[in-house]
$ cat entry-v7.txt   # compact mmCIF, C-alpha atoms
# COMPACT_ATOMS: atom_id res chain seq x y z
CA MET Y 1 31.83 8.67 7.18
CA ALA Y 2 34.93 9.89 8.99
CA VAL Y 3 34.82 11.67 12.34
CA VAL Y 4 37.83 13.83 13.26
CA LEU Y 5 38.23 15.43 16.66
CA ALA Y 6 39.18 19.11 16.90
CA GLY Y 7 42.59 20.26 18.09
CA ALA Y 8 44.82 18.16 15.83
CA GLY Y 9 48.02 19.84 14.71
CA ALA Y 10 49.33 19.48 11.19
CA ALA Y 11 52.22 17.31 12.31
CA SER Y 12 50.02 14.78 14.11
CA ALA Y 13 46.92 14.78 11.89
CA HIS Y 14 45.79 11.54 10.28
CA GLU Y 15 42.86 10.68 8.09
CA PHE Y 16 41.58 7.52 6.40
CA THR Y 17 38.79 6.44 4.13
CA CYS Y 18 37.78 2.82 3.80
CA ASP Y 19 35.90 0.77 1.25
CA LYS Y 20 34.49 -2.70 1.75
CA ARG Y 21 32.94 -4.90 -0.91
CA VAL Y 22 31.65 -8.45 -0.97
CA GLN Y 23 31.16 -10.79 -3.90
CA VAL Y 24 29.67 -14.27 -4.20
CA LYS Y 25 32.60 -16.10 -5.72
CA GLY Y 26 31.89 -17.54 -9.15
CA GLU Y 27 28.80 -15.41 -9.79
CA GLY Y 28 30.38 -12.37 -11.45
CA GLN Y 29 30.55 -8.82 -10.18
CA GLY Y 30 26.82 -8.41 -9.56
CA THR Y 31 24.85 -5.19 -9.96
CA PRO Y 32 26.46 -2.01 -8.57
CA GLY Y 33 24.59 -0.72 -5.54
CA VAL Y 34 22.65 -3.98 -5.05
CA ALA Y 35 23.56 -6.36 -2.23
CA PRO Y 36 24.57 -9.78 -3.58
CA ARG Y 37 22.05 -12.55 -2.89
CA VAL Y 38 23.35 -16.01 -2.02
CA THR Y 39 21.19 -18.70 -3.63
CA LYS Y 40 23.55 -21.60 -4.44
CA PHE Y 41 25.36 -23.65 -1.83
CA PRO Y 42 28.08 -24.35 -0.94
CA ALA Y 43 28.86 -20.64 -1.47
CA THR Y 44 32.04 -18.65 -0.96
CA LEU Y 45 31.83 -14.98 -0.02
CA ARG Y 46 34.87 -12.91 -0.94
CA PHE Y 47 35.32 -9.78 1.18
CA HIS Y 48 37.64 -7.06 -0.12
CA TYR Y 49 38.86 -4.16 2.03
CA LYS Y 50 40.68 -1.01 0.94
CA LEU Y 51 42.08 1.45 3.47
CA ARG Y 52 43.38 4.73 2.03
CA ASN Y 53 45.33 7.60 3.60
CA VAL Y 54 43.64 10.81 2.44
CA HIS Y 55 45.68 13.24 4.53
CA PRO Y 56 47.25 15.71 2.06
CA LYS Y 57 50.65 16.11 3.72
CA GLY Y 58 51.62 13.24 5.97
CA GLU Y 59 51.30 9.56 6.72
CA SER Y 60 48.33 8.32 8.71
CA VAL Y 61 48.54 5.65 11.38
CA ALA Y 62 45.60 3.33 12.04
CA ASP Y 63 45.50 2.24 15.68
CA LEU Y 64 42.50 -0.08 15.35
CA VAL Y 65 40.98 -1.89 12.37
CA GLU Y 66 38.22 -4.38 13.19
CA ASP Y 67 35.31 -6.25 11.63
CA PRO Y 68 33.34 -7.62 14.62
CA LEU Y 69 30.89 -9.72 12.60
CA LEU Y 70 33.70 -11.75 11.01
CA ALA Y 71 35.74 -12.12 14.21
CA ARG Y 72 34.23 -15.56 14.92
CA TYR Y 73 35.56 -16.72 11.54
CA GLY Y 74 39.11 -15.58 12.26
CA PHE Y 75 39.04 -12.30 10.35
CA GLY Y 76 38.12 -9.75 12.97
CA THR Y 77 41.33 -7.77 12.33
CA PRO Y 78 41.98 -7.66 8.57
CA PHE Y 79 45.02 -5.36 8.99
CA PRO Y 80 47.78 -5.50 11.63
CA THR Y 81 47.90 -2.43 13.83
CA PRO Y 82 49.35 0.05 14.39
CA MET Y 83 49.64 0.46 10.61
CA ALA Y 84 51.27 3.47 8.93
CA VAL Y 85 50.13 4.41 5.43
CA GLY Y 86 52.03 7.01 3.40
CA VAL Y 87 50.57 10.03 1.62
CA GLY Y 88 48.29 8.91 -1.21
CA ASP Y 89 48.90 5.23 -0.43
CA SER Y 90 46.42 2.50 0.41
CA ARG Y 91 46.34 -1.01 1.84
CA ASP Y 92 44.21 -3.93 0.63
CA ALA Y 93 43.07 -7.14 2.29
CA THR Y 94 40.78 -9.99 1.26
CA PHE Y 95 38.99 -12.74 3.13
CA GLU Y 96 36.97 -15.70 1.88
CA LEU Y 97 34.17 -17.24 3.92
CA LYS Y 98 32.55 -20.52 2.91
CA LEU Y 99 28.88 -21.14 3.67
CA ASP Y 100 27.93 -24.78 3.19
CA THR Y 101 24.16 -24.52 3.59
CA PRO Y 102 21.30 -22.00 3.50
CA GLU Y 103 21.04 -22.43 7.27
CA ALA Y 104 24.63 -21.21 7.68
CA CYS Y 105 23.78 -18.07 5.74
CA GLN Y 106 20.61 -17.50 7.78
CA ALA Y 107 22.60 -17.93 11.01
CA LEU Y 108 25.01 -15.24 9.84
CA ALA Y 109 22.06 -12.99 8.97
CA ALA Y 110 20.68 -13.45 12.48
CA SER Y 111 24.02 -12.63 14.10
CA ASP Y 112 23.77 -8.90 13.35
CA GLY Y 113 20.80 -8.56 15.70
CA ARG Y 114 18.11 -7.94 13.07
CA VAL Y 115 15.35 -10.37 12.13
CA ASP Y 116 15.69 -10.45 8.35
CA ASP Y 117 17.48 -12.30 5.56
CA SER Y 118 20.45 -9.91 5.30
CA PHE Y 119 23.56 -9.10 7.26
CA ASP Y 120 25.80 -6.04 7.28
CA SER Y 121 29.48 -6.57 7.92
CA ALA Y 122 31.08 -3.28 9.02
CA LEU Y 123 34.77 -2.36 9.11
CA ARG Y 124 35.78 0.16 11.77
CA VAL Y 125 39.01 2.15 11.42
CA LYS Y 126 40.27 4.27 14.30
CA TRP Y 127 43.25 6.59 14.54
CA ALA Y 128 44.50 9.05 17.16
CA LEU Y 129 41.93 11.77 16.58
CA GLY Y 130 39.17 10.20 14.52
CA GLU Y 131 37.55 7.13 13.07
CA THR Y 132 35.55 5.95 10.07
CA GLN Y 133 33.45 2.95 9.06
CA CYS Y 134 32.42 1.19 5.87
CA ALA Y 135 30.08 -1.75 5.42
CA ALA Y 136 28.89 -4.34 2.93
CA ARG Y 137 25.55 -6.15 2.89
CA VAL Y 138 24.75 -9.71 1.84
CA THR Y 139 21.25 -11.18 1.43
CA CYS Y 140 20.51 -14.87 1.96
CA CYS Y 141 18.00 -16.88 -0.02
CA GLU Y 142 14.94 -18.21 1.77
CA PRO Y 143 14.91 -21.96 2.49
CA PHE Y 144 12.30 -23.82 0.41
CA VAL Y 145 11.89 -20.74 -1.83
CA ASP Y 146 14.96 -19.92 -3.92
CA CYS Y 147 17.87 -21.82 -2.36
CA GLU Y 148 19.78 -24.45 -4.34
CA LEU Y 149 22.31 -27.02 -3.18
CA THR Y 150 25.00 -27.83 -5.73
CA CYS Y 151 27.51 -30.64 -5.53
CA PRO Y 152 31.27 -30.14 -5.18
CA PRO Y 153 33.24 -31.78 -8.02
CA ASP Y 154 35.06 -34.12 -5.62
CA ASP Y 155 31.87 -35.67 -4.18
CA PRO Y 156 30.46 -38.23 -6.68
CA GLY Y 157 27.82 -39.38 -4.18
CA CYS Y 158 26.24 -35.95 -3.87
CA VAL Y 159 22.79 -35.41 -5.40
CA GLU Y 160 21.99 -31.87 -6.47
CA THR Y 161 18.64 -30.30 -5.70
CA PRO Y 162 16.70 -29.31 -8.82
CA SER Y 163 16.54 -25.67 -9.83
CA PRO Y 164 13.52 -23.79 -8.52
CA VAL Y 165 10.40 -24.52 -10.54
CA ALA Y 166 8.27 -21.62 -11.72
CA PRO Y 167 5.33 -21.31 -9.31
CA GLY Y 168 1.82 -22.20 -10.34
CA PRO Y 169 -1.22 -20.01 -9.65
CA SER Y 170 -1.80 -18.78 -6.12
CA ARG Y 171 -3.81 -16.10 -4.39
CA ASN Y 172 -3.23 -14.13 -1.19
CA ALA Y 173 -5.36 -13.14 1.80
CA GLY Y 174 -6.77 -10.15 -0.05
CA PHE Y 175 -8.32 -12.49 -2.61
CA PHE Y 176 -9.79 -15.04 -0.23
CA LYS Y 177 -11.28 -12.46 2.16
CA VAL Y 178 -13.61 -11.17 -0.58
CA HIS Y 179 -14.23 -14.36 -2.61
CA GLU Y 180 -16.55 -16.36 -0.37
CA GLN Y 181 -17.20 -19.04 -2.98
CA ALA Y 182 -13.49 -19.82 -3.37
CA LEU Y 183 -13.01 -19.89 0.40
CA GLN Y 184 -15.99 -22.22 0.83
CA GLN Y 185 -14.52 -24.62 -1.73
CA CYS Y 186 -11.28 -24.62 0.26
CA LEU Y 187 -13.09 -25.46 3.51
CA ALA Y 188 -14.87 -28.34 1.80
CA GLY Y 189 -11.57 -30.17 2.28
CA GLY Y 190 -12.04 -30.13 6.06
CA GLY Y 191 -11.47 -27.92 9.09
CA LEU Y 192 -8.07 -26.52 10.05
CA ASP Y 193 -6.28 -26.49 13.39
CA LEU Y 194 -4.17 -23.34 13.18
CA GLY Y 195 -2.95 -23.27 16.75
CA VAL Y 196 -4.49 -19.92 17.65
CA ALA Y 197 -7.86 -21.10 16.34
CA ARG Y 198 -9.69 -24.01 14.78
CA VAL Y 199 -11.44 -22.96 11.57
CA GLU Y 200 -14.48 -25.05 10.65
CA SER Y 201 -16.83 -22.63 8.91
CA LEU Y 202 -16.80 -19.94 6.26
CA GLU Y 203 -17.62 -17.33 8.90
CA GLN Y 204 -14.65 -18.35 11.05
CA ALA Y 205 -12.26 -18.33 8.08
CA LEU Y 206 -13.46 -14.86 7.13
CA GLY Y 207 -13.01 -13.76 10.73
CA LEU Y 208 -9.34 -14.74 10.58
CA LEU Y 209 -8.90 -12.92 7.28
CA TRP Y 210 -10.72 -9.72 8.28
CA ALA Y 211 -9.61 -9.32 11.91
CA SER Y 212 -6.76 -7.06 12.99
CA PRO Y 213 -3.69 -9.08 14.08
CA GLY Y 214 -2.85 -6.45 16.68
CA LEU Y 215 -6.22 -6.39 18.46
CA ASP Y 216 -8.00 -9.17 20.32
CA ARG Y 217 -11.75 -9.90 20.23
CA ASN Y 218 -12.41 -7.29 22.94
CA GLY Y 219 -10.37 -4.55 21.29
CA GLY Y 220 -7.37 -5.02 23.57
CA VAL Y 221 -3.85 -4.87 22.19
CA ARG Y 222 -2.20 -8.23 21.57
CA THR Y 223 1.40 -8.82 22.51
CA GLU Y 224 3.85 -8.70 19.63
CA THR Y 225 4.30 -12.48 19.77
CA ASP Y 226 0.53 -13.11 19.73
CA ALA Y 227 0.14 -10.73 16.79
CA ARG Y 228 2.83 -12.64 14.87
CA ARG Y 229 1.11 -15.95 15.63
CA PHE Y 230 -2.16 -14.51 14.32
CA GLU Y 231 -0.45 -13.32 11.12
CA LEU Y 232 1.14 -16.73 10.65
CA ALA Y 233 -2.23 -18.48 11.17
CA ARG Y 234 -3.71 -16.24 8.46
CA GLU Y 235 -0.92 -17.03 5.99
CA ALA Y 236 -1.23 -20.74 6.85
CA LEU Y 237 -4.96 -20.63 6.07
CA VAL Y 238 -4.25 -18.97 2.72
CA SER Y 239 -1.45 -21.44 1.91
CA THR Y 240 -3.74 -24.36 2.70
CA CYS Y 241 -6.35 -22.98 0.32
CA ASN Y 242 -3.74 -22.51 -2.39
CA GLU Y 243 -2.63 -26.12 -1.91
CA ARG Y 244 -6.18 -27.49 -1.96
CA LEU Y 245 -7.56 -25.42 -4.82
CA PHE Y 246 -4.69 -24.72 -7.20
CA GLY Y 247 -2.29 -27.63 -6.81
CA ALA Y 248 0.35 -28.71 -4.33
CA SER Y 249 3.79 -27.10 -4.28
CA GLU Y 250 6.59 -29.05 -2.62
CA LYS Y 251 8.35 -25.97 -1.27
CA ARG Y 252 5.19 -24.23 -0.14
CA GLY Y 253 4.01 -27.49 1.42
CA ARG Y 254 7.22 -27.86 3.43
CA ALA Y 255 6.99 -24.27 4.63
CA LEU Y 256 3.32 -24.78 5.52
CA ASP Y 257 4.13 -27.93 7.51
CA GLU Y 258 6.76 -26.01 9.49
CA ALA Y 259 4.32 -23.17 10.10
CA LEU Y 260 1.62 -25.51 11.40
CA ARG Y 261 4.08 -27.25 13.73
CA THR Y 262 5.17 -23.85 15.01
CA LEU Y 263 1.61 -22.65 15.55
CA ARG Y 264 0.66 -25.79 17.47
CA GLY Y 265 3.67 -25.60 19.79
CA ALA Y 266 5.99 -23.14 21.47
CA SER Y 267 7.73 -20.71 19.15
CA GLU Y 268 10.16 -17.82 19.22
CA GLU Y 269 9.19 -14.48 17.73
CA GLY Y 270 12.06 -14.63 15.24
CA ALA Y 271 10.81 -17.94 13.83
CA LEU Y 272 7.26 -16.59 13.61
CA GLU Y 273 8.35 -13.51 11.68
CA ARG Y 274 10.48 -15.57 9.29
CA LEU Y 275 7.63 -17.98 8.56
CA VAL Y 276 5.13 -15.15 8.02
CA ARG Y 277 7.46 -13.71 5.36
CA GLU Y 278 8.15 -17.11 3.83
CA LEU Y 279 4.51 -18.18 3.51
CA GLY Y 280 3.54 -14.70 2.35
CA ARG Y 281 6.10 -14.93 -0.43
CA HIS Y 282 4.73 -18.31 -1.50
CA ASN Y 283 1.16 -17.02 -1.45
CA ASP Y 284 2.13 -14.04 -3.60
CA ALA Y 285 4.34 -16.02 -5.99
CA GLY Y 286 1.60 -17.00 -8.43
CA LEU Y 287 -0.61 -13.91 -8.32
CA GLY Y 288 -0.01 -13.20 -11.99
CA LYS Y 289 -0.91 -16.72 -13.11
CA PRO Y 290 -4.46 -17.48 -14.32
CA LEU Y 291 -6.56 -19.76 -12.16
CA PRO Y 292 -7.02 -23.35 -13.35
CA GLY Y 293 -9.55 -23.83 -16.12
CA GLY Y 294 -13.00 -24.62 -14.81
CA PHE Y 295 -12.38 -23.12 -11.38
CA ASP Y 296 -15.07 -20.59 -10.46
CA ALA Y 297 -14.04 -18.27 -7.65
CA GLY Y 298 -17.35 -16.43 -7.69
CA ARG Y 299 -17.70 -12.68 -7.59
CA ALA Y 300 -16.05 -10.47 -4.98
CA THR Y 301 -18.42 -9.59 -2.12
CA PRO Y 302 -16.34 -7.58 0.37
CA ALA Y 303 -19.24 -5.97 2.26
CA HIS Y 304 -21.09 -9.24 2.77
CA ALA Y 305 -17.91 -11.14 3.66
CA ALA Y 306 -16.94 -8.59 6.30
CA GLY Y 307 -20.48 -8.62 7.67
CA ILE Y 308 -20.63 -12.37 8.32
CA ALA Y 309 -17.04 -12.75 9.59
CA THR Y 310 -16.89 -14.10 13.16
CA ASP Y 311 -14.01 -14.33 15.58
CA PRO Y 312 -12.50 -17.83 15.28
CA LEU Y 313 -10.26 -17.62 18.34
CA GLU Y 314 -10.98 -20.21 20.98
CA PRO Y 315 -10.88 -19.34 24.69
CA GLY Y 316 -7.78 -20.68 26.34
CA ARG Y 317 -5.80 -21.09 23.14
CA PRO Y 318 -2.45 -19.25 22.95

$ encode --input "entry-v7.txt" --output "structure tokens"
Amino acid sequence: MAVVLAGAGAASAHEFTCDKRVQVKGEGQGTPGVAPRVTKFPATLRFHYKLRNVHPKGESVADLVEDPLLARYGFGTPFPTPMAVGVGDSRDATFELKLDTPEACQALAASDGRVDDSFDSALRVKWALGETQCAARVTCCEPFVDCELTCPPDDPGCVETPSPVAPGPSRNAGFFKVHEQALQQCLAGGGLDLGVARVESLEQALGLLWASPGLDRNGGVRTETDARRFELAREALVSTCNERLFGASEKRGRALDEALRTLRGASEEGALERLVRELGRHNDAGLGKPLPGGFDAGRATPAHAAGIATDPLEPGRP
């Protein structure tokens, strides 16, 4: 959207529009209106910029053209300025950015200040009496979920990771909080140290599943970090039950191991939020798959389950 300041005379008026697009090189044009998702690494992102003079009578002069997010990669100024563009004319620029690993993509996603798997790269164009911006979004795959590492043709020693395997059956917190029999079968495998609590009994497990992450045992409001730790402990409990009851998953198991290490030690809020999303995605991945033959989850008993749920949090635990 362009912003033009009042008071410009016809002789000195300028006006631009800009367009910015990004493509994962080698993966086609993608779906219009949908941010490309990077899943195979190494990956090359190709940024394309178009700056057009839309003033009807005269040339426009851009005094500043910048892309702050890409400045660290040497492409913070895709066009030299000042830059004059004639009536009806446009200027184009391209830039390619290589991301070797999923972690590099996630680091770029974190650099825009939001805790998510996407980043927005915005181009700002400024002239004497106005400015405009345009942006493009890229989404990164989630490590251990849908990321693949492919080998470059000049590296014969490289070993490619296998393509993601279709997930087996799984169930989420909503299932386990009302199916006491299934939850009891999970706990038969032993108690769980989840950092915020140690779960030994059916009642304690139900307490973790039924409690509000935002409120403590006395009804007080938890800090945002404590609420995230509680949510992660809940997803870790559910992931453990999925592993024990329905079969181990390498990717879910790796994410679960990271979550348990995080819960038992110091952790940043950004890492907690990422792991909550990651484990939640794993727990939801197999909801449409039938449970293994011979497994009896029992009937759903929400009222009874909620009635026997007890607070599993231990005094003095973070």

$ residues_around --input "entry-v7.txt" --residues "Glu231 in chain Y" --least-positions-apart "5" --cutoff "10 Å" --atoms "all atoms listed in the file" --output "list in words"
Leu208, Leu209, Ser212, Pro213, Gly214, Thr225, Asp226, Ala236, Leu237, Leu272, Glu273, Leu275, Val276, Arg277 and Gly280 of chain Y

$ closest_residue --input "entry-v7.txt" --among "Y:Ala297, Y:Ala173, Y:Ala128, Y:Leu108" --to "Glu235 in chain Y" --atoms "all atoms listed in the file"
Y:Ala173

$ closest_residue --input "entry-v7.txt" --among "Y:Pro302, Y:Gly33, Y:Gly76, Y:Gly253" --to "Gln181 in chain Y" --atoms "all atoms listed in the file"
Y:Pro302

$ residues_around --input "entry-v7.txt" --residues "range 187-204 of chain Y" --least-positions-apart "3" --cutoff "10 Å" --atoms "all atoms listed in the file" --output "ChimeraX atom specification"
/Y:180-184,207-210,226,229-230,232-234,236-237,240-241,244-245,259-265,305-318

$ atom_distance --input "entry-v7.txt" --atom1 "CA of Ser60 in chain Y" --atom2 "CA of Val87 in chain Y"
7.6 Å

$ residues_around --input "entry-v7.txt" --residues "Thr301 in chain Y" --least-positions-apart "3" --cutoff "7 Å" --atoms "only C-alpha atoms" --output "list in words"
Val178, His179, His304 and Ala305 of chain Y

$ atom_distance --input "entry-v7.txt" --atom1 "CA of Glu15 in chain Y" --atom2 "CA of Val34 in chain Y"
28.2 Å

$ atom_distance --input "entry-v7.txt" --atom1 "CA of Arg46 in chain Y" --atom2 "CA of Cys141 in chain Y"
17.4 Å

$ closest_residue --input "entry-v7.txt" --among "Y:Cys147, Y:Ala248, Y:Leu99, Y:Ala136" --to "Pro169 in chain Y" --atoms "all atoms listed in the file"
Y:Ala248

$ residues_around --input "entry-v7.txt" --residues "range 88-92 of chain Y" --least-positions-apart "5" --cutoff "6 Å" --atoms "all atoms listed in the file" --output "number ranges by chain"
Y: 49-53

$ residues_around --input "entry-v7.txt" --residues "Val65 in chain Y" --least-positions-apart "3" --cutoff "10 Å" --atoms "all atoms listed in the file" --output "list of chain:residue names"
Y:Leu51, Y:Ala62, Y:Pro68, Y:Gly76, Y:Thr77, Y:Pro78, Y:Phe79, Y:Pro80, Y:Thr81, Y:Pro82, Y:Met83, Y:Leu123, Y:Arg124, Y:Val125, Y:Lys126, Y:Trp127, Y:Glu131, Y:Thr132, Y:Gln133

$ closest_residue --input "entry-v7.txt" --among "Y:Phe47, Y:Phe246, Y:Phe119, Y:Tyr73" --to "Ala93 in chain Y" --atoms "all atoms listed in the file"
Y:Phe47

$ closest_residue --input "entry-v7.txt" --among "Y:Lys98, Y:Gly86, Y:Arg217, Y:Gly174" --to "Pro56 in chain Y" --atoms "all atoms listed in the file"
Y:Gly86

$ closest_residue --input "entry-v7.txt" --among "Y:Ala135, Y:Gly270, Y:Glu258, Y:Glu243" --to "Glu224 in chain Y" --atoms "all atoms listed in the file"
Y:Gly270

$ residues_near_point --input "entry-v7.txt" --point "(16.1, -13.8, 9.7)" --cutoff "10 Å" --atoms "only C-alpha atoms" --output "JSON, numbers by chain"
{"Y": [105, 106, 107, 108, 109, 110, 111, 112, 113, 114, 115, 116, 117, 118, 119, 140, 142, 270, 271, 273, 274, 275, 277]}

$ build_atoms --input "entry-v7.txt" --residues "range 195-214 of chain Y" --atoms "N, CA, C and O atoms" --output "PDB file, in the frame of the given file"
ATOM      1  N   GLY Y 195      -3.631 -23.625  15.514  1.00  0.00           N
ATOM      2  CA  GLY Y 195      -2.950 -23.270  16.750  1.00  0.00           C
ATOM      3  C   GLY Y 195      -3.678 -22.197  17.527  1.00  0.00           C
ATOM      4  O   GLY Y 195      -4.168 -22.432  18.633  1.00  0.00           O
ATOM      5  N   VAL Y 196      -3.774 -21.000  16.968  1.00  0.00           N
ATOM      6  CA  VAL Y 196      -4.490 -19.920  17.650  1.00  0.00           C
ATOM      7  C   VAL Y 196      -5.994 -20.092  17.511  1.00  0.00           C
ATOM      8  O   VAL Y 196      -6.766 -19.473  18.247  1.00  0.00           O
ATOM      9  N   ALA Y 197      -6.430 -20.904  16.565  1.00  0.00           N
ATOM     10  CA  ALA Y 197      -7.860 -21.100  16.340  1.00  0.00           C
ATOM     11  C   ALA Y 197      -8.079 -22.352  15.512  1.00  0.00           C
ATOM     12  O   ALA Y 197      -7.203 -22.776  14.758  1.00  0.00           O
ATOM     13  N   ARG Y 198      -9.264 -22.933  15.667  1.00  0.00           N
ATOM     14  CA  ARG Y 198      -9.690 -24.010  14.780  1.00  0.00           C
ATOM     15  C   ARG Y 198     -10.764 -23.449  13.862  1.00  0.00           C
ATOM     16  O   ARG Y 198     -11.784 -22.930  14.324  1.00  0.00           O
ATOM     17  N   VAL Y 199     -10.526 -23.539  12.562  1.00  0.00           N
ATOM     18  CA  VAL Y 199     -11.440 -22.960  11.570  1.00  0.00           C
ATOM     19  C   VAL Y 199     -12.258 -24.086  10.960  1.00  0.00           C
ATOM     20  O   VAL Y 199     -11.717 -24.990  10.321  1.00  0.00           O
ATOM     21  N   GLU Y 200     -13.573 -24.031  11.168  1.00  0.00           N
ATOM     22  CA  GLU Y 200     -14.480 -25.050  10.650  1.00  0.00           C
ATOM     23  C   GLU Y 200     -15.465 -24.490   9.629  1.00  0.00           C
ATOM     24  O   GLU Y 200     -15.961 -25.220   8.778  1.00  0.00           O
ATOM     25  N   SER Y 201     -15.764 -23.201   9.729  1.00  0.00           N
ATOM     26  CA  SER Y 201     -16.830 -22.630   8.910  1.00  0.00           C
ATOM     27  C   SER Y 201     -16.318 -21.461   8.076  1.00  0.00           C
ATOM     28  O   SER Y 201     -15.246 -20.901   8.331  1.00  0.00           O
ATOM     29  N   LEU Y 202     -17.123 -21.092   7.088  1.00  0.00           N
ATOM     30  CA  LEU Y 202     -16.800 -19.940   6.260  1.00  0.00           C
ATOM     31  C   LEU Y 202     -16.702 -18.680   7.113  1.00  0.00           C
ATOM     32  O   LEU Y 202     -15.792 -17.863   6.935  1.00  0.00           O
ATOM     33  N   GLU Y 203     -17.615 -18.528   8.055  1.00  0.00           N
ATOM     34  CA  GLU Y 203     -17.620 -17.330   8.900  1.00  0.00           C
ATOM     35  C   GLU Y 203     -16.350 -17.226   9.733  1.00  0.00           C
ATOM     36  O   GLU Y 203     -15.789 -16.139   9.909  1.00  0.00           O
ATOM     37  N   GLN Y 204     -15.877 -18.363  10.251  1.00  0.00           N
ATOM     38  CA  GLN Y 204     -14.650 -18.350  11.050  1.00  0.00           C
ATOM     39  C   GLN Y 204     -13.429 -18.037  10.183  1.00  0.00           C
ATOM     40  O   GLN Y 204     -12.536 -17.288  10.595  1.00  0.00           O
ATOM     41  N   ALA Y 205     -13.384 -18.611   8.985  1.00  0.00           N
ATOM     42  CA  ALA Y 205     -12.260 -18.330   8.080  1.00  0.00           C
ATOM     43  C   ALA Y 205     -12.230 -16.850   7.718  1.00  0.00           C
ATOM     44  O   ALA Y 205     -11.167 -16.217   7.705  1.00  0.00           O
ATOM     45  N   LEU Y 206     -13.396 -16.285   7.443  1.00  0.00           N
ATOM     46  CA  LEU Y 206     -13.460 -14.860   7.130  1.00  0.00           C
ATOM     47  C   LEU Y 206     -13.050 -14.012   8.337  1.00  0.00           C
ATOM     48  O   LEU Y 206     -12.417 -12.960   8.192  1.00  0.00           O
ATOM     49  N   GLY Y 207     -13.407 -14.483   9.536  1.00  0.00           N
ATOM     50  CA  GLY Y 207     -13.010 -13.760  10.730  1.00  0.00           C
ATOM     51  C   GLY Y 207     -11.493 -13.666  10.852  1.00  0.00           C
ATOM     52  O   GLY Y 207     -10.950 -12.622  11.233  1.00  0.00           O
ATOM     53  N   LEU Y 208     -10.802 -14.750  10.523  1.00  0.00           N
ATOM     54  CA  LEU Y 208      -9.340 -14.740  10.580  1.00  0.00           C
ATOM     55  C   LEU Y 208      -8.752 -13.818   9.518  1.00  0.00           C
ATOM     56  O   LEU Y 208      -7.730 -13.167   9.737  1.00  0.00           O
ATOM     57  N   LEU Y 209      -9.408 -13.739   8.372  1.00  0.00           N
ATOM     58  CA  LEU Y 209      -8.900 -12.920   7.280  1.00  0.00           C
ATOM     59  C   LEU Y 209      -9.208 -11.432   7.458  1.00  0.00           C
ATOM     60  O   LEU Y 209      -8.458 -10.577   6.988  1.00  0.00           O
ATOM     61  N   TRP Y 210     -10.312 -11.122   8.126  1.00  0.00           N
ATOM     62  CA  TRP Y 210     -10.720  -9.720   8.280  1.00  0.00           C
ATOM     63  C   TRP Y 210     -10.243  -9.084   9.581  1.00  0.00           C
ATOM     64  O   TRP Y 210     -10.144  -7.866   9.682  1.00  0.00           O
ATOM     65  N   ALA Y 211      -9.954  -9.879  10.596  1.00  0.00           N
ATOM     66  CA  ALA Y 211      -9.610  -9.320  11.910  1.00  0.00           C
ATOM     67  C   ALA Y 211      -8.255  -8.615  11.877  1.00  0.00           C
ATOM     68  O   ALA Y 211      -7.414  -8.875  11.019  1.00  0.00           O
ATOM     69  N   SER Y 212      -8.041  -7.738  12.838  1.00  0.00           N
ATOM     70  CA  SER Y 212      -6.760  -7.060  12.990  1.00  0.00           C
ATOM     71  C   SER Y 212      -5.817  -7.933  13.814  1.00  0.00           C
ATOM     72  O   SER Y 212      -6.164  -8.326  14.932  1.00  0.00           O
ATOM     73  N   PRO Y 213      -4.627  -8.259  13.300  1.00  0.00           N
ATOM     74  CA  PRO Y 213      -3.690  -9.080  14.080  1.00  0.00           C
ATOM     75  C   PRO Y 213      -3.296  -8.448  15.407  1.00  0.00           C
ATOM     76  O   PRO Y 213      -2.982  -9.152  16.361  1.00  0.00           O
ATOM     77  N   GLY Y 214      -3.316  -7.122  15.475  1.00  0.00           N
ATOM     78  CA  GLY Y 214      -2.850  -6.450  16.680  1.00  0.00           C
ATOM     79  C   GLY Y 214      -3.882  -6.273  17.769  1.00  0.00           C
ATOM     80  O   GLY Y 214      -3.544  -5.861  18.879  1.00  0.00           O
TER      81      GLY Y 214
END
